[in-house]
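The structure appears below as structure tokens.
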Number of protein chains: 2
Amino acid sequence: MNLSKTSKYAFRVLGQMAKNEKELYSAQQLHKEIDVPERYLRRLLTDLSKYGFIKSIQGRQGGFAFARDISKIFLIEIVVAIDGLDSIDGCILGYDSCAFDHACPMHNIWEETKRKVIETLTKTSLKDIQNAGLKL
Amino acid sequence: MNLSKTSKYAFRVLGQMAKNEKELYSAQQLHKEIDVPERYLRRLLTDLSKYGFIKSIQGRQGGFAFARDISKIFLIEIVVAIDGLDSIDGCILGYDSCAFDHACPMHNIWEETKRKVIETLTKTSLKDIQNAGLKL
DNA sequence: ATTAAATGCCACTTGCATGTAGTATTTTAC
DNA sequence: GTAAAATACTACATGCAAGTGGCATTTAAT
């Protein structure tokens, strides 16, 4: 049950880019739109392109654009790429080996809630959040 | 959506102590039973007693025992004491000011899931996990 | 009284995520 | 073909949670 700051940044970036899903965004432009340190953002964008969510275009007039259909990019994929599945799915007490045959005291209590979290992240795509957060 | 390692340790400790809710536990004994570094555990136990979950008894034959009825110690209290409420309740994108009048793109999508997490932590007491995790 | 076994306090160290800097590379505009 | 504007790479710096160490204090057993 952990979402790193970097994953949060990734959500911000990709969420912002999803607003105009075909547009080519430069790091500088994105930095102005969301609150992420510019150099760190640049590295993150490079990483996100390596993960295959976006593609990078080098050179002047370059930038980043989605490499895949945003209706098929699900939040869970982003978290898994950056933090790994265990950050969400791992034992709530942090035990390495916590399974049905050797469960921690909170295993059963937590299971359903964890399932809910994973379900939400699994079924929510960038398309689903495309036009949220604008209503002012 | 963040649970520090320290909170996980606290869950382990208090969960272990709940198995015999009246017993007086020394730090050394608890260290043998759960996987938490001894010195760190000692500091944590002192903190947990300051938070009022347990009481400490100094001197030889001293140790720690619950200060309150474990059926009324809820998991959310432990997280809040150690990490603060925002670690769970805060904006999923990490924005400081994310509320109904200025919501982040994921606010609505995440709201129900967050509610579920908080609900589970709020209604689960140490008594509820008292006898879990023993079945082998 | 002395010793032993426990907690309490404070400062220091370590490890890792986060953040920064410099420079190389790529591509377009002119 | 040269300069400008973008990404790519690699190394270093910083901050904070996690972990360690030394010593003081408290209390019980002997």
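Quick note on naming: the chains in the structure tokens go A, B, ... in the order shown, residues restart at 1 in each chain, and ligands are numbered from 1 in order of appearance.
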When you get a sec, could you note down which chain A residues fall within 7 Å of chain B, using only C-alpha atoms, as a compact mmCIF listing (two decimals) with N, CA and C atoms, in the first residue's frame?
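Written output follows (result09.txt):
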```
# COMPACT_ATOMS: atom_id res chain seq x y z
N MET A 1 0.84 -1.21 0.00
CA MET A 1 0.00 0.00 0.00
C MET A 1 0.86 1.24 0.00
N ASN A 2 1.52 1.46 -1.09
CA ASN A 2 2.43 2.58 -1.21
C ASN A 2 2.46 3.08 -2.64
N LEU A 3 2.33 4.37 -2.77
CA LEU A 3 2.40 4.98 -4.08
C LEU A 3 3.51 6.02 -3.99
N LYS A 8 3.03 9.31 -8.49
CA LYS A 8 2.07 10.42 -8.46
C LYS A 8 2.41 11.41 -9.57
N TYR A 9 3.69 11.68 -9.73
CA TYR A 9 4.13 12.57 -10.81
C TYR A 9 3.72 12.00 -12.15
N PHE A 11 1.25 10.06 -12.83
CA PHE A 11 -0.20 10.27 -12.98
C PHE A 11 -0.48 11.70 -13.43
N ARG A 12 0.22 12.64 -12.82
CA ARG A 12 0.00 14.04 -13.19
C ARG A 12 0.35 14.27 -14.65
N GLY A 15 -1.93 12.27 -17.02
CA GLY A 15 -3.26 12.87 -16.93
C GLY A 15 -3.34 14.17 -17.70
N ILE A 92 0.34 -6.14 3.95
CA ILE A 92 0.07 -4.88 4.64
C ILE A 92 1.02 -4.66 5.82
N LEU A 93 1.58 -5.74 6.34
CA LEU A 93 2.54 -5.62 7.43
C LEU A 93 3.98 -5.60 6.92
N GLY A 94 4.13 -5.74 5.60
CA GLY A 94 5.46 -5.69 5.01
C GLY A 94 6.23 -7.00 5.05
N ASP A 101 -0.98 -19.93 3.20
CA ASP A 101 -0.49 -20.97 4.09
C ASP A 101 0.28 -20.40 5.29
N HIS A 102 0.61 -19.12 5.21
CA HIS A 102 1.33 -18.50 6.33
C HIS A 102 0.96 -17.03 6.35
N ALA A 103 -0.29 -16.78 6.67
CA ALA A 103 -0.82 -15.43 6.55
C ALA A 103 -0.50 -14.59 7.78
N CYS A 104 -0.30 -13.30 7.57
CA CYS A 104 -0.09 -12.38 8.68
C CYS A 104 -1.43 -12.09 9.34
N PRO A 105 -1.41 -11.56 10.55
CA PRO A 105 -2.66 -11.34 11.30
C PRO A 105 -3.68 -10.48 10.57
N MET A 106 -3.23 -9.63 9.68
CA MET A 106 -4.17 -8.72 9.03
C MET A 106 -4.55 -9.15 7.62
N THR A 113 -10.27 -5.09 0.86
CA THR A 113 -9.95 -3.69 0.58
C THR A 113 -8.87 -3.58 -0.49
N LYS A 116 -10.23 -4.15 -3.81
CA LYS A 116 -10.94 -2.96 -4.30
C LYS A 116 -9.96 -1.95 -4.90
N VAL A 117 -8.86 -1.74 -4.23
CA VAL A 117 -7.85 -0.80 -4.72
C VAL A 117 -7.31 -1.25 -6.07
N ILE A 129 -10.09 9.46 -17.13
CA ILE A 129 -9.84 10.67 -16.35
C ILE A 129 -9.60 11.87 -17.26
N ALA A 132 -11.71 15.02 -16.50
CA ALA A 132 -12.01 15.32 -15.09
C ALA A 132 -11.15 16.48 -14.62
N GLY A 133 -11.55 17.07 -13.53
CA GLY A 133 -10.70 18.07 -12.87
C GLY A 133 -10.68 19.42 -13.54
N LEU A 136 -14.63 24.36 -12.90
CA LEU A 136 -14.35 25.43 -11.93
C LEU A 136 -15.51 26.43 -11.93
```
Set the cut-off to 12 Å and count only C-alpha atoms (C1' of nucleotides): what are the residues of chain D that reach chain A? Output as number ranges by chain. D: 3-10
Surrounding residues of range 67-82 of chain A excluding itself and chain neighbours under 3 positions, 7 Å, only C-alpha atoms (C1' of nucleotides), as a compact mmCIF listing (two decimals) with C-alpha atoms, in the first residue's frame:
```
# COMPACT_ATOMS: atom_id res chain seq x y z
CA SER A 7 4.15 7.44 -9.51
CA TYR A 51 7.99 1.70 -20.47
CA GLY A 52 6.08 2.16 -23.72
CA PHE A 53 3.31 4.49 -22.54
CA ILE A 54 4.57 7.39 -24.60
CA LYS A 55 7.02 7.86 -27.44
CA LEU A 85 3.13 -4.65 -8.04
CA LEU A 121 -6.53 0.90 -10.67
CA THR A 122 -7.02 -1.97 -13.10
CA LYS A 123 -10.23 -0.77 -14.66
CA THR A 124 -9.46 2.94 -14.80
CA SER A 125 -7.77 4.10 -17.99
CA LEU A 126 -6.29 7.47 -18.85
CA LYS A 127 -9.31 7.96 -21.07
```
Chain A contacts on chain C, only C-alpha atoms (C1' of nucleotides), 12 Å, as a ChimeraX atom specification: /C:17-21,25-29
CA of Glu111 in chain B to CA of Gly84 in chain B measures 18.5 Å
Pairwise distance for C1' of DA11 in chain D and CA of Asp83 in chain A, rounded to one decimal in Å: 23.1 Å
Using the chain letters and numbers from this document, which residues of chain A does DSSP assign to strand (DSSP E or B), as a list in words?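 Those in chain A that DSSP calls strand (DSSP E or B) are Asn2, Tyr25, Ile54, Lys55, Ser56, Ile57, Gly63, Phe64, Ala65, Phe66, Phe74, Ala99, His102 and Ser125 of chain A.
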Since we have the selection now, will you write its residues out, keeping C-alpha atoms, as a short mmCIF file (atom, residue, chain, number, x, y, z; two decimals), in the first residue's frame?
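The resulting file, selection.cif, is shown below:
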```cif
data_model
loop_
_atom_site.label_atom_id
_atom_site.label_comp_id
_atom_site.auth_asym_id
_atom_site.auth_seq_id
_atom_site.Cartn_x
_atom_site.Cartn_y
_atom_site.Cartn_z
CA ASN A 2 2.43 2.58 -1.21
CA TYR A 25 4.17 17.90 -25.49
CA ILE A 54 4.57 7.39 -24.60
CA LYS A 55 7.02 7.86 -27.44
CA SER A 56 9.71 10.48 -27.61
CA ILE A 57 10.61 12.54 -30.62
CA GLY A 63 8.57 16.15 -27.49
CA PHE A 64 6.41 13.36 -26.18
CA ALA A 65 3.13 11.86 -27.32
CA PHE A 66 1.19 8.75 -26.41
CA PHE A 74 -4.65 1.53 -17.17
CA ALA A 99 0.30 -16.05 1.76
CA HIS A 102 1.33 -18.50 6.33
CA SER A 125 -7.77 4.10 -17.99
#
```
